[in-house]
Every structure is written in C-alpha cells, then in structure tokens.
>>> print(open('start.csv').read())   # CSV, C-alpha atoms
chain,number,residue,atom,x,y,z
A,598,MET,CA,-30.6,-24.4,-23.2
A,599,LYS,CA,-27.8,-26.5,-21.6
A,600,GLN,CA,-25.3,-23.8,-22.7
A,601,ILE,CA,-27.4,-21.0,-21.2
A,602,ILE,CA,-27.7,-22.9,-17.9
A,603,LEU,CA,-23.9,-23.5,-17.8
A,604,SER,CA,-23.2,-19.9,-18.7
A,605,ALA,CA,-25.6,-18.7,-16.0
A,606,LEU,CA,-24.0,-21.1,-13.5
A,607,PHE,CA,-20.6,-19.8,-14.5
A,608,SER,CA,-21.7,-16.2,-14.0
A,609,VAL,CA,-23.1,-17.0,-10.6
A,610,LEU,CA,-19.8,-18.7,-9.7
A,611,LEU,CA,-17.7,-15.8,-10.9
A,612,LEU,CA,-20.0,-13.3,-9.0
A,613,SER,CA,-19.9,-15.3,-5.8
A,614,THR,CA,-16.1,-15.6,-6.0
A,615,ALA,CA,-15.8,-11.9,-6.6
A,616,CYS,CA,-18.2,-11.0,-3.8
A,617,SER,CA,-16.6,-13.5,-1.5
A,618,SER,CA,-13.1,-12.2,-2.1
A,619,GLU,CA,-14.3,-8.6,-1.7
A,620,LYS,CA,-15.9,-9.6,1.5
A,621,VAL,CA,-12.9,-11.4,2.8
A,622,SER,CA,-10.7,-8.4,1.9
A,623,ASN,CA,-13.2,-6.1,3.7
A,624,ASN,CA,-13.3,-8.4,6.7
A,625,ASP,CA,-9.6,-8.5,6.8
A,626,ASN,CA,-9.4,-4.7,6.8
A,627,GLN,CA,-12.1,-4.5,9.5
A,628,ALA,CA,-10.4,-7.1,11.6
A,629,ASN,CA,-7.1,-5.2,11.4
A,630,THR,CA,-8.8,-1.9,12.3
A,631,ALA,CA,-10.6,-3.6,15.2
A,632,ALA,CA,-7.3,-5.2,16.4
A,633,VAL,CA,-5.5,-1.9,16.4
A,634,ILE,CA,-8.3,0.1,18.1
A,635,ASN,CA,-8.8,-2.8,20.7
A,636,ASN,CA,-5.0,-2.8,21.4
A,637,ILE,CA,-5.0,0.9,22.1
A,638,MET,CA,-8.2,0.7,24.3
A,639,THR,CA,-7.1,-2.3,26.4
A,640,ARG,CA,-3.5,-1.4,27.1
A,641,THR,CA,-3.0,-0.7,30.7
A,642,SER,CA,0.0,-0.5,33.1
A,643,ILE,CA,1.3,-3.9,34.3
A,644,ARG,CA,3.7,-3.9,37.2
A,645,SER,CA,4.1,-7.5,38.1
A,646,PHE,CA,5.7,-10.2,35.9
A,647,THR,CA,6.6,-13.9,35.7
A,648,ASN,CA,10.2,-15.0,35.3
A,649,GLU,CA,9.8,-16.0,31.6
A,650,PRO,CA,12.3,-13.9,29.6
A,651,ILE,CA,11.3,-11.9,26.5
A,652,GLY,CA,12.9,-13.1,23.3
A,653,ALA,CA,15.6,-10.9,21.8
A,654,ASP,CA,13.7,-10.6,18.5
A,655,THR,CA,10.7,-9.3,20.3
A,656,LEU,CA,12.7,-6.7,22.1
A,657,THR,CA,14.2,-5.6,18.8
A,658,THR,CA,10.7,-5.3,17.3
A,659,LEU,CA,9.7,-3.1,20.3
A,660,VAL,CA,12.6,-0.8,19.7
A,661,LYS,CA,11.8,-0.7,15.9
A,662,ALA,CA,8.2,0.3,16.9
A,663,GLY,CA,9.7,3.1,19.0
A,664,MET,CA,11.8,4.3,16.0
A,665,ALA,CA,8.7,4.3,13.8
A,666,ALA,CA,7.2,7.2,15.7
A,667,PRO,CA,7.1,10.6,14.0
A,668,THR,CA,9.6,13.2,15.0
A,669,ALA,CA,9.6,17.0,14.4
A,670,VAL,CA,11.4,17.7,11.1
A,671,ASN,CA,12.2,14.0,11.0
A,672,ARG,CA,15.2,14.6,13.3
A,673,GLN,CA,14.8,11.2,15.2
A,674,PRO,CA,16.7,12.8,18.2
A,675,TRP,CA,16.8,9.6,20.2
A,676,SER,CA,18.7,6.6,21.6
A,677,PHE,CA,17.3,3.4,23.1
A,678,ILE,CA,18.9,1.3,25.8
A,679,VAL,CA,17.7,-2.3,26.2
A,680,VAL,CA,18.4,-3.8,29.6
A,681,THR,CA,17.9,-7.5,30.4
A,682,GLU,CA,20.6,-8.3,32.9
A,683,ARG,CA,19.2,-8.8,36.4
A,684,GLN,CA,22.1,-7.0,38.0
A,685,MET,CA,21.5,-3.9,35.8
A,686,LEU,CA,17.8,-4.0,36.4
A,687,ASP,CA,18.5,-4.1,40.2
A,688,SER,CA,20.9,-1.1,39.9
A,689,LEU,CA,18.3,0.8,38.0
A,690,MET,CA,15.7,0.0,40.7
A,691,ASN,CA,18.2,1.4,43.3
A,692,VAL,CA,18.3,4.8,41.6
A,693,HIS,CA,14.6,4.8,40.4
A,694,PRO,CA,12.5,3.4,43.3
A,695,TYR,CA,9.2,3.8,41.3
A,696,SER,CA,10.5,1.8,38.2
A,697,ASN,CA,8.5,-1.4,39.1
A,698,LEU,CA,11.6,-3.5,38.1
A,699,ALA,CA,11.4,-6.0,41.0
A,700,THR,CA,10.0,-8.8,38.8
A,701,ALA,CA,10.6,-7.3,35.4
A,702,THR,CA,12.7,-9.2,32.9
A,703,ALA,CA,13.6,-6.2,30.7
A,704,ALA,CA,13.5,-2.5,30.4
A,705,ILE,CA,13.9,-0.1,27.5
A,706,ILE,CA,15.1,3.4,28.4
A,707,VAL,CA,14.1,6.0,25.8
A,708,CYS,CA,16.6,8.9,25.6
A,709,GLY,CA,16.7,12.2,23.9
A,710,ASP,CA,20.0,13.1,22.1
A,711,MET,CA,20.6,16.8,22.2
A,712,GLU,CA,23.2,16.5,19.4
A,713,LYS,CA,20.4,15.4,17.1
A,714,ALA,CA,17.7,17.8,18.4
A,715,LEU,CA,16.6,21.0,16.7
A,716,ASP,CA,17.9,24.4,17.7
A,717,GLY,CA,16.0,27.2,19.4
A,718,PHE,CA,12.5,26.6,20.8
A,719,GLY,CA,12.4,23.4,18.6
A,720,ARG,CA,15.0,21.8,20.8
A,721,ASP,CA,12.3,20.7,23.2
A,722,TYR,CA,10.4,18.7,20.5
A,723,TRP,CA,12.7,15.8,21.6
A,724,ILE,CA,10.4,15.4,24.6
A,725,GLN,CA,7.3,14.9,22.3
A,726,ASP,CA,9.3,12.7,19.8
A,727,CYS,CA,10.5,10.4,22.6
A,728,SER,CA,7.1,10.3,24.2
A,729,ALA,CA,5.5,9.1,20.9
A,730,ALA,CA,8.3,6.5,20.7
A,731,SER,CA,7.5,5.4,24.3
A,732,GLU,CA,3.8,5.0,23.5
A,733,ASN,CA,4.6,2.9,20.4
A,734,ILE,CA,6.7,0.6,22.5
A,735,LEU,CA,3.9,0.2,25.1
A,736,LEU,CA,1.4,-0.6,22.3
A,737,ALA,CA,3.7,-3.0,20.6
A,738,ALA,CA,4.4,-4.8,23.9
A,739,HIS,CA,0.7,-5.1,24.6
A,740,ALA,CA,0.2,-6.5,21.1
A,741,TYR,CA,2.7,-9.3,22.0
A,742,GLY,CA,0.8,-10.0,25.2
A,743,LEU,CA,3.6,-8.5,27.3
A,744,GLY,CA,3.0,-6.3,30.3
A,745,ALA,CA,4.6,-2.8,30.4
A,746,VAL,CA,4.6,0.4,32.4
A,747,TRP,CA,6.0,3.8,31.5
A,748,CYS,CA,8.1,5.1,34.3
A,749,GLY,CA,9.0,8.8,34.1
A,750,ILE,CA,12.6,9.9,34.3
A,751,TYR,CA,12.8,13.4,32.7
A,752,PRO,CA,12.2,16.0,34.2
A,753,ASN,CA,12.5,14.3,37.7
A,754,PRO,CA,15.7,15.8,39.2
A,755,ASN,CA,15.8,13.0,41.8
A,756,VAL,CA,16.2,10.2,39.3
A,757,ILE,CA,18.0,11.6,36.2
A,758,PRO,CA,21.5,11.7,37.6
A,759,GLY,CA,21.3,8.1,39.0
A,760,VAL,CA,19.9,6.6,35.8
A,761,LYS,CA,22.6,8.4,33.8
A,762,ARG,CA,25.3,7.1,36.1
A,763,VAL,CA,24.1,3.5,36.1
A,764,LEU,CA,23.7,3.4,32.3
A,765,SER,CA,26.9,5.4,31.5
A,766,ILE,CA,24.7,7.9,29.5
A,767,PRO,CA,26.8,10.8,28.2
A,768,GLY,CA,26.1,14.5,29.0
A,769,SER,CA,24.4,15.3,25.7
A,770,VAL,CA,21.8,12.5,26.2
A,771,THR,CA,18.8,12.7,28.5
A,772,PRO,CA,16.8,9.7,29.6
A,773,LEU,CA,13.0,10.5,29.2
A,774,SER,CA,11.3,7.2,30.2
A,775,LEU,CA,12.0,3.8,31.5
A,776,ILE,CA,9.6,1.2,30.1
A,777,THR,CA,9.4,-1.8,32.4
A,778,LEU,CA,8.7,-5.0,30.6
A,779,GLY,CA,7.9,-8.7,31.2
A,780,HIS,CA,5.3,-11.4,30.8
A,781,PRO,CA,2.4,-10.3,32.9
A,782,ALA,CA,1.8,-11.9,36.3
A,783,ASP,CA,-1.5,-10.1,36.8
A,784,ASN,CA,-4.3,-9.0,34.5
A,785,PRO,CA,-5.7,-5.7,35.7
A,786,GLU,CA,-8.8,-4.2,34.0
A,787,PRO,CA,-8.0,-1.4,31.6
A,788,LYS,CA,-9.1,2.0,33.0
A,789,ASP,CA,-12.1,3.6,31.2
A,790,LYS,CA,-10.8,7.2,30.7
A,791,TRP,CA,-13.4,8.4,28.3
A,792,ILE,CA,-14.7,11.7,29.6
A,793,PRO,CA,-17.0,13.4,27.0
A,794,GLU,CA,-16.7,16.7,28.8
A,795,ASN,CA,-13.0,16.8,27.8
A,796,VAL,CA,-14.0,17.1,24.1
A,797,HIS,CA,-14.9,20.4,22.5
A,798,TYR,CA,-16.3,20.9,19.0
A,799,GLN,CA,-15.2,23.6,16.5
A,800,LYS,CA,-13.8,25.7,19.5
A,801,TYR,CA,-13.0,25.3,23.2
B,1194,MET,CA,-14.9,-54.2,15.8
B,1195,LYS,CA,-17.4,-51.7,14.4
B,1196,GLN,CA,-17.5,-50.0,17.9
B,1197,ILE,CA,-13.7,-49.8,18.0
B,1198,ILE,CA,-13.6,-48.1,14.6
B,1199,LEU,CA,-16.4,-45.7,15.6
B,1200,SER,CA,-14.7,-44.9,18.9
B,1201,ALA,CA,-11.4,-44.3,17.1
B,1202,LEU,CA,-13.1,-42.1,14.6
B,1203,PHE,CA,-14.8,-40.1,17.4
B,1204,SER,CA,-11.4,-39.6,19.1
B,1205,VAL,CA,-9.9,-38.4,15.9
B,1206,LEU,CA,-12.8,-36.0,15.4
B,1207,LEU,CA,-12.5,-34.6,19.0
B,1208,LEU,CA,-8.8,-34.3,18.6
B,1209,SER,CA,-9.0,-32.5,15.3
B,1210,THR,CA,-11.7,-30.1,16.6
B,1211,ALA,CA,-9.5,-29.3,19.6
B,1212,CYS,CA,-6.4,-28.8,17.5
B,1213,SER,CA,-8.3,-26.7,15.0
B,1214,SER,CA,-9.8,-24.4,17.6
B,1215,GLU,CA,-6.4,-24.0,19.3
B,1216,LYS,CA,-4.9,-23.2,16.0
B,1217,VAL,CA,-7.6,-20.7,15.0
B,1218,SER,CA,-7.2,-19.0,18.4
B,1219,ASN,CA,-3.4,-18.8,17.9
B,1220,ASN,CA,-3.8,-17.6,14.4
B,1221,ASP,CA,-6.2,-14.9,15.6
B,1222,ASN,CA,-3.7,-13.7,18.2
B,1223,GLN,CA,-0.9,-13.8,15.7
B,1224,ALA,CA,-3.0,-11.9,13.2
B,1225,ASN,CA,-3.9,-9.3,15.8
B,1226,THR,CA,-0.3,-8.9,16.8
B,1227,ALA,CA,0.8,-8.5,13.2
B,1228,ALA,CA,-2.0,-6.0,12.5
B,1229,VAL,CA,-0.9,-3.8,15.4
B,1230,ILE,CA,2.9,-4.0,14.6
B,1231,ASN,CA,2.2,-3.4,10.9
B,1232,ASN,CA,0.0,-0.4,11.7
B,1233,ILE,CA,2.8,1.1,13.8
B,1234,MET,CA,5.4,0.4,11.1
B,1235,THR,CA,3.5,1.7,8.1
B,1236,ARG,CA,2.0,4.9,9.6
B,1237,THR,CA,3.5,7.9,7.9
B,1238,SER,CA,2.6,11.6,7.6
B,1239,ILE,CA,-0.1,12.4,5.0
B,1240,ARG,CA,-0.6,16.0,4.0
B,1241,SER,CA,-3.0,15.8,1.0
B,1242,PHE,CA,-6.6,14.7,1.3
B,1243,THR,CA,-9.8,14.1,-0.8
B,1244,ASN,CA,-13.0,16.0,0.0
B,1245,GLU,CA,-14.7,12.9,1.5
B,1246,PRO,CA,-15.6,13.9,5.1
B,1247,ILE,CA,-14.7,11.7,8.1
B,1248,GLY,CA,-17.7,10.2,10.0
B,1249,ALA,CA,-18.6,11.7,13.4
B,1250,ASP,CA,-18.3,8.2,15.0
B,1251,THR,CA,-14.8,7.8,13.6
B,1252,LEU,CA,-13.7,11.2,15.0
B,1253,THR,CA,-15.1,10.2,18.4
B,1254,THR,CA,-13.2,6.9,18.3
B,1255,LEU,CA,-10.0,8.8,17.5
B,1256,VAL,CA,-10.5,11.0,20.6
B,1257,LYS,CA,-11.3,8.0,22.7
B,1258,ALA,CA,-8.0,6.5,21.5
B,1259,GLY,CA,-6.2,9.6,22.5
B,1260,MET,CA,-7.8,9.4,26.0
B,1261,ALA,CA,-6.7,5.8,26.3
B,1262,ALA,CA,-3.1,7.0,26.5
B,1263,PRO,CA,-1.3,6.6,29.9
B,1264,THR,CA,-0.7,9.7,32.0
B,1265,ALA,CA,1.6,10.5,34.9
B,1266,VAL,CA,-0.2,9.6,38.1
B,1267,ASN,CA,-3.3,9.1,36.0
B,1268,ARG,CA,-4.0,12.9,35.9
B,1269,GLN,CA,-5.3,12.9,32.3
B,1270,PRO,CA,-4.4,16.6,32.1
B,1271,TRP,CA,-5.9,17.2,28.7
B,1272,SER,CA,-8.7,18.6,26.5
B,1273,PHE,CA,-9.4,17.8,22.9
B,1274,ILE,CA,-10.9,20.1,20.3
B,1275,VAL,CA,-12.4,18.5,17.2
B,1276,VAL,CA,-12.7,20.9,14.2
B,1277,THR,CA,-14.6,20.0,11.0
B,1278,GLU,CA,-16.0,23.4,9.8
B,1279,ARG,CA,-14.2,24.6,6.7
B,1280,GLN,CA,-14.1,28.2,8.0
B,1281,MET,CA,-12.5,27.2,11.3
B,1282,LEU,CA,-9.9,25.0,9.5
B,1283,ASP,CA,-9.1,28.0,7.3
B,1284,SER,CA,-8.8,30.3,10.3
B,1285,LEU,CA,-6.4,27.8,11.9
B,1286,MET,CA,-4.4,27.6,8.7
B,1287,ASN,CA,-4.0,31.4,8.8
B,1288,VAL,CA,-2.4,31.3,12.3
B,1289,HIS,CA,-0.5,28.0,11.7
B,1290,PRO,CA,0.9,28.1,8.2
B,1291,TYR,CA,2.5,24.6,8.5
B,1292,SER,CA,-0.7,22.9,9.6
B,1293,ASN,CA,-1.3,21.3,6.2
B,1294,LEU,CA,-5.0,22.1,6.5
B,1295,ALA,CA,-5.6,23.2,2.9
B,1296,THR,CA,-7.4,20.0,1.9
B,1297,ALA,CA,-8.0,18.5,5.3
B,1298,THR,CA,-11.5,17.7,6.4
B,1299,ALA,CA,-10.9,17.7,10.1
B,1300,ALA,CA,-8.3,18.5,12.8
B,1301,ILE,CA,-8.0,17.4,16.4
B,1302,ILE,CA,-6.1,19.8,18.7
B,1303,VAL,CA,-4.6,18.1,21.7
B,1304,CYS,CA,-4.3,20.5,24.7
B,1305,GLY,CA,-2.8,20.3,28.1
B,1306,ASP,CA,-4.9,21.6,31.0
B,1307,MET,CA,-2.7,23.1,33.7
B,1308,GLU,CA,-5.6,22.9,36.2
B,1309,LYS,CA,-5.4,19.1,35.9
B,1310,ALA,CA,-1.6,18.9,35.7
B,1311,LEU,CA,0.7,17.9,38.6
B,1312,ASP,CA,2.6,20.4,40.7
B,1313,GLY,CA,6.3,21.0,40.8
B,1314,PHE,CA,8.6,19.4,38.3
B,1315,GLY,CA,5.7,16.9,37.5
B,1316,ARG,CA,3.8,19.7,35.9
B,1317,ASP,CA,5.6,19.2,32.6
B,1318,TYR,CA,4.5,15.6,32.4
B,1319,TRP,CA,1.5,17.1,30.6
B,1320,ILE,CA,3.7,17.4,27.5
B,1321,GLN,CA,4.5,13.6,27.5
B,1322,ASP,CA,0.9,12.7,28.3
B,1323,CYS,CA,-0.5,14.8,25.5
B,1324,SER,CA,2.2,13.4,23.1
B,1325,ALA,CA,1.2,9.8,23.9
B,1326,ALA,CA,-2.4,10.8,23.2
B,1327,SER,CA,-1.4,12.4,19.9
B,1328,GLU,CA,0.4,9.3,18.9
B,1329,ASN,CA,-2.6,7.1,19.7
B,1330,ILE,CA,-4.8,9.4,17.5
B,1331,LEU,CA,-2.3,9.1,14.6
B,1332,LEU,CA,-2.2,5.3,14.9
B,1333,ALA,CA,-6.0,5.0,15.2
B,1334,ALA,CA,-6.4,7.2,12.1
B,1335,HIS,CA,-4.1,5.0,10.2
B,1336,ALA,CA,-6.0,1.9,11.3
B,1337,TYR,CA,-9.1,3.5,9.7
B,1338,GLY,CA,-7.2,4.1,6.4
B,1339,LEU,CA,-7.3,7.9,7.2
B,1340,GLY,CA,-4.3,10.2,6.6
B,1341,ALA,CA,-2.9,12.3,9.4
B,1342,VAL,CA,0.0,14.5,10.3
B,1343,TRP,CA,1.1,15.8,13.7
B,1344,CYS,CA,1.7,19.5,13.5
B,1345,GLY,CA,3.5,21.0,16.5
B,1346,ILE,CA,2.0,24.0,18.3
B,1347,TYR,CA,3.8,24.0,21.8
B,1348,PRO,CA,6.4,25.3,22.4
B,1349,ASN,CA,6.3,27.4,19.2
B,1350,PRO,CA,5.8,31.0,20.3
B,1351,ASN,CA,4.8,32.0,16.8
B,1352,VAL,CA,1.7,29.9,16.6
B,1353,ILE,CA,0.5,29.3,20.2
B,1354,PRO,CA,-1.2,32.7,20.7
B,1355,GLY,CA,-3.0,32.6,17.3
B,1356,VAL,CA,-4.3,29.0,17.8
B,1357,LYS,CA,-5.5,30.0,21.3
B,1358,ARG,CA,-7.3,33.0,19.9
B,1359,VAL,CA,-9.0,31.2,17.0
B,1360,LEU,CA,-10.2,28.3,19.2
B,1361,SER,CA,-11.1,30.5,22.3
B,1362,ILE,CA,-8.7,28.4,24.4
B,1363,PRO,CA,-8.6,29.7,28.0
B,1364,GLY,CA,-5.4,30.8,29.7
B,1365,SER,CA,-4.9,27.7,31.8
B,1366,VAL,CA,-5.0,25.5,28.7
B,1367,THR,CA,-2.1,25.1,26.2
B,1368,PRO,CA,-2.5,23.5,22.7
B,1369,LEU,CA,0.3,21.0,22.2
B,1370,SER,CA,-0.4,19.5,18.8
B,1371,LEU,CA,-2.8,19.9,15.8
B,1372,ILE,CA,-3.5,16.6,14.1
B,1373,THR,CA,-4.5,17.2,10.5
B,1374,LEU,CA,-6.9,14.6,9.2
B,1375,GLY,CA,-8.7,13.4,6.1
B,1376,HIS,CA,-9.1,10.6,3.6
B,1377,PRO,CA,-5.6,10.4,1.9
B,1378,ALA,CA,-5.2,11.8,-1.6
B,1379,ASP,CA,-1.7,10.4,-1.8
B,1380,ASN,CA,0.0,7.2,-0.6
B,1381,PRO,CA,3.6,8.0,0.4
B,1382,GLU,CA,6.0,5.2,1.3
B,1383,PRO,CA,6.5,5.0,5.1
B,1384,LYS,CA,10.1,6.0,6.1
B,1385,ASP,CA,12.4,3.2,7.3
B,1386,LYS,CA,13.8,4.8,10.4
B,1387,TRP,CA,15.4,1.7,11.9
B,1388,ILE,CA,19.0,2.7,12.8
B,1389,PRO,CA,20.6,-0.2,14.8
B,1390,GLU,CA,23.4,2.2,16.0
B,1391,ASN,CA,20.7,4.0,18.0
B,1392,VAL,CA,20.2,0.9,20.2
B,1393,HIS,CA,22.5,0.1,23.1
B,1394,TYR,CA,22.4,-3.0,25.3
B,1395,GLN,CA,22.7,-3.1,29.1
B,1396,LYS,CA,24.3,0.4,29.1
B,1397,TYR,CA,24.9,3.3,26.7
>>> encode(input="start.csv", output="structure tokens")
Amino acid sequence: MKQIILSALFSVLLLSTACSSEKVSNNDNQANTAAVINNIMTRTSIRSFTNEPIGADTLTTLVKAGMAAPTAVNRQPWSFIVVTERQMLDSLMNVHPYSNLATATAAIIVCGDMEKALDGFGRDYWIQDCSAASENILLAAHAYGLGAVWCGIYPNPNVIPGVKRVLSIPGSVTPLSLITLGHPADNPEPKDKWIPENVHYQKY
Amino acid sequence: MKQIILSALFSVLLLSTACSSEKVSNNDNQANTAAVINNIMTRTSIRSFTNEPIGADTLTTLVKAGMAAPTAVNRQPWSFIVVTERQMLDSLMNVHPYSNLATATAAIIVCGDMEKALDGFGRDYWIQDCSAASENILLAAHAYGLGAVWCGIYPNPNVIPGVKRVLSIPGSVTPLSLITLGHPADNPEPKDKWIPENVHYQKY
C-alpha cells in the first residue's frame, strides 16, 4: 500500500514536472511572439533625444540587424555608415534639413552598392533590400528603447549629392536612408494605421 | 528589542520586494529586447511547408504588422491581398514560377497604390514603404513559428502583368512582393550575413 502511494505520488510529481516544463516552454514562446509583435506595433518615429550617447556595441547590433535582412538572390548590395561625431551630424543636417539630427547622438546611413547589385531590371532590387535593412534597424532600435526615425535620401535629388559629399561616398554607392538615432526625449503615441479596407481576400 | 528585530525584518522584506520587482521588470525588458533581436537574426527564407493551414487571426496580425511600417509623409500608399485558396495559389504559381507556392498554404501580396502615393520624385517612396511592410510581415511570421519567403514581383516585367491579371489588380496598383507562407516543413540554418567590411564609421 505504501509502495502504491509512493509510486502514485512519484507519477504525479513526474507529470506535474512535465506539464510545468511544457507550459513554461509554451509561455516562453508566447512571450517571445508577443514581444516581437508588440515591438512592431508600437514602433513610431522619434525626433527628439536626450544627450545620453548610444553604446558602440548597441550600434553594432543595429547594423547587424540591418545586415540580417533578406536580399534578392542574396546579393547583400549594401554598405552602412555609422556617424556619432557631433560635427559630422551637424554637417549632415546642413545638407539634409529634414534629418531631425539636431539632438540626435547617432545616425546610420544605409547605402546601396551598385557594384554588388544585380544586372538588368534586377538592379533596382537594391532599393527593396536596403529598405528591409532600414526597417530591421528601426525595429532593433525600438527593442533597445532607443528612438529612431527613417529619413529618406534616395531618390531625393536635393539631398543625395550633399550627403554623398559630406560622407565621401563613392560614385557607385547611393545612400538610401538616414536613420536618426538617440535615447528618446519624448514618448509619442504610436499611430494606429490599421485600415481593414486596405486588405483584400483571394483577389483585389 | 523585539520591536527592533521586527522593524529590521520588515525593512529587509520591503527592500527585497522592491529589488525583486525592479529586477523582474529589467529581466522582462531584457527578455523582450533579446526576443526581438533574436527574431531578426534567425529569420531565414523557408520554401517548403506542411499542409497545416494558418489561422485567419494570424494572417490578419501579419497584415497589421505590415501596416505598422513607417511610410514617407505617412501616406500608407499600399494594399494587401491575402490568398489562401489552393486554386488561386496555383494560378499565381503559373504566372510567377519562382514564388515557391507549391506547398504554401497562404500568400500575402504587398501592393503599392499610386493613387495614395506622393507626387514628383517622392512617388517612388512607395517601393521603400511597401518593402518595410514586407519585412514586417516576414518578421511577424517568423515570430509565430511560420515559414515565409519574399518573392519579388516589381520591377520584374515578366511577372507583373500575370500577377495583376490573376488577382484582378487595377491599373493604378502595382504588386511589389509576394510573401509565400506556411508552417515550415524544413528548418534551414539562418545565413550569417555579418560582414564588418560593409560598415564605415563617421564617413565612407
């Protein structure tokens, strides 16, 4: 009788351990899913920053996140320029007045490299590849509690030449976006951009 | 004496509660940051799927994630088409042979809407906006444990007309990408695309 009770107790113990570990694992997965979806949904443009600098390791992780984006035929036709010096940020602001760099502590410029791009009509996939990289950087910055805003460069003819000159970018490389970065000084509400009418099912 | 001991015990209790809740909160933030960065770094193209369908709610969340992307001057110049019917997926495969739809259970086609796009040089920002939306959908799919692959449509002249015909897409709307979706049947290693030589500091 004692043995049966002990055996039953042991079974219950095993079962509860198994259930609990299964549950923890599921909870972990669910928490991770929720964290990613929440990060995508709550990201919004931040244009005002404190003077606290961003760590070099964090900036490297942001660029790594950019390089993790998919590219057409895996060409990775890009280069990234990380700017943290105040004088360089000011020079960029002079040639790109809408870059929101006044209080920023860093910027990452995502560039397309035509020497790595595909030929023919596929050449322009660099724009999509560098856009996916830019979005990854915005999402990674938000995950670190940083503020960021995507400032367009390409195809604006008024800012491309100035940005190329300030950053000594060679002819075969085209800057697509300037991602302004810093620790946020404000906390704007994310926009709710869900418009069900923009979704079609099976066909347009 | 008894009162002093009780008071000291109470202080320790308060302190440990405060420390513990601070720590949990920090751990939560760190776990969320790690979840987002890990999701970005481990996403990779999946081209083979099981026959388990994707829930309608999940598909809606994927489109919501797409619509959470930033757009130039907040124009949101896009439409999304969700395809789940086998016959429609087959028709798409006929006009887009590289769409990896053979075993897919769903596809989301991200389109630019020229009636919502900017004028002048800013018109082409729809490509960047829809690319950011496409990347959000890929990342959200990965967060749900789904497999996905970004199949280019625009600017491929060989597939745009066929995709528009199959999906009854009007003239002012251009399909940019077809995101093939399903529960993964394989588990390929994510590519390590980190190339430090692709990063420049302060200037190119």
>>> atom_distance(input="start.csv", atom1="atom CA of Leu698 of chain A", atom2="atom CA of Gly742 of chain A")
18.0 Å
>>> atom_distance(input="start.csv", atom1="atom CA of Ala1333 of chain B", atom2="atom CA of Lys713 of chain A")
28.4 Å
>>> atom_distance(input="start.csv", atom1="atom CA of Pro1383 of chain B", atom2="atom CA of Ala665 of chain A")
9.0 Å
>>> closest_atom_pairs(input="start.csv", of="chain A", to="chain B", cutoff="7 Å", atoms="only C-alpha atoms", output="CSV")
residue,atom,partner,partner_atom,distance
A:Asn629,CA,B:Ala1228,CA,5.3
A:Thr630,CA,B:Ala1336,CA,4.8
A:Ala632,CA,B:Asn1225,CA,5.4
A:Val633,CA,B:Val1229,CA,5.1
A:Ile634,CA,B:Ala1333,CA,6.1
A:Ile637,CA,B:Ala1258,CA,6.4
A:Met638,CA,B:Ala1261,CA,5.7
A:Lys661,CA,B:Trp1387,CA,5.9
A:Ala662,CA,B:Ile1233,CA,6.3
A:Met664,CA,B:Lys1386,CA,6.0
A:Ala665,CA,B:Met1234,CA,5.8
A:Ser676,CA,B:Asn1391,CA,4.9
A:Phe677,CA,B:Val1392,CA,4.8
A:Ile678,CA,B:His1393,CA,4.7
A:Val679,CA,B:Tyr1394,CA,4.8
A:Val680,CA,B:Gln1395,CA,4.4
A:Thr681,CA,B:Gln1395,CA,6.6
A:Glu682,CA,B:Gln1395,CA,6.8
A:Met685,CA,B:Gln1395,CA,6.9
A:Phe718,CA,B:Pro1348,CA,6.4
A:Ile724,CA,B:Gln1321,CA,6.8
A:Gln725,CA,B:Ser1324,CA,5.4
A:Ser728,CA,B:Gln1321,CA,5.3
A:Ala729,CA,B:Ala1325,CA,5.3
A:Glu732,CA,B:Ala1325,CA,5.5
A:Ala737,CA,B:Ile1230,CA,6.1
A:Ala740,CA,B:Thr1226,CA,4.9
A:Tyr741,CA,B:Thr1226,CA,6.0
A:Pro752,CA,B:Phe1314,CA,6.4
A:Asn753,CA,B:Phe1314,CA,6.4
A:Leu764,CA,B:Lys1396,CA,4.4
A:Ser765,CA,B:Tyr1397,CA,5.6
A:Ile766,CA,B:Tyr1397,CA,5.4
A:Lys790,CA,B:Met1260,CA,6.0
A:Trp791,CA,B:Lys1257,CA,6.0
A:Asn795,CA,B:Ser1272,CA,4.8
A:Val796,CA,B:Phe1273,CA,4.8
A:His797,CA,B:Ile1274,CA,4.6
A:Tyr798,CA,B:Val1275,CA,4.9
A:Gln799,CA,B:Val1276,CA,4.3
A:Lys800,CA,B:Leu1360,CA,4.5
A:Tyr801,CA,B:Ile1362,CA,5.4
>>> residues_around(input="start.csv", residues="segment 645-654 of chain A", least_positions_apart="3", cutoff="7 Å", atoms="all atoms listed in the file", output="list in words")
Thr657, Thr658, Thr700, Ala701, Thr702, Gly779, His780, Pro781, Ala782 and Asp783 of chain A
>>> closest_residue(input="start.csv", among="A:Asp716, A:Thr655, A:Leu689, A:Asn697", to="Val670 of chain A", atoms="only C-alpha atoms")
A:Asp716
>>> decode(input="start.csv", residues="segment 714-736 of chain A", atoms="C-alpha atoms", output="PDB file, in the first residue's frame")
ATOM      1  CA  ALA A 714      23.693  44.870 -57.247  1.00  0.00           C
ATOM      2  CA  LEU A 715      22.105  42.585 -59.837  1.00  0.00           C
ATOM      3  CA  ASP A 716      22.095  43.429 -63.546  1.00  0.00           C
ATOM      4  CA  GLY A 717      19.151  44.372 -65.755  1.00  0.00           C
ATOM      5  CA  PHE A 718      15.759  45.072 -64.141  1.00  0.00           C
ATOM      6  CA  GLY A 719      17.037  43.288 -61.010  1.00  0.00           C
ATOM      7  CA  ARG A 720      19.454  46.160 -60.335  1.00  0.00           C
ATOM      8  CA  ASP A 721      16.701  48.127 -58.608  1.00  0.00           C
ATOM      9  CA  TYR A 722      16.115  45.376 -56.038  1.00  0.00           C
ATOM     10  CA  TRP A 723      18.842  47.206 -54.051  1.00  0.00           C
ATOM     11  CA  ILE A 724      16.127  49.700 -53.043  1.00  0.00           C
ATOM     12  CA  GLN A 725      13.944  46.957 -51.550  1.00  0.00           C
ATOM     13  CA  ASP A 726      16.926  45.201 -49.927  1.00  0.00           C
ATOM     14  CA  CYS A 727      18.158  48.421 -48.280  1.00  0.00           C
ATOM     15  CA  SER A 728      14.602  49.284 -47.204  1.00  0.00           C
ATOM     16  CA  ALA A 729      14.241  45.918 -45.451  1.00  0.00           C
ATOM     17  CA  ALA A 730      17.604  46.574 -43.755  1.00  0.00           C
ATOM     18  CA  SER A 731      16.417  50.046 -42.693  1.00  0.00           C
ATOM     19  CA  GLU A 732      13.235  48.614 -41.170  1.00  0.00           C
ATOM     20  CA  ASN A 733      15.270  45.998 -39.267  1.00  0.00           C
ATOM     21  CA  ILE A 734      17.425  48.793 -37.803  1.00  0.00           C
ATOM     22  CA  LEU A 735      14.324  50.767 -36.727  1.00  0.00           C
ATOM     23  CA  LEU A 736      12.832  47.691 -35.050  1.00  0.00           C
TER      24      LEU A 736
END
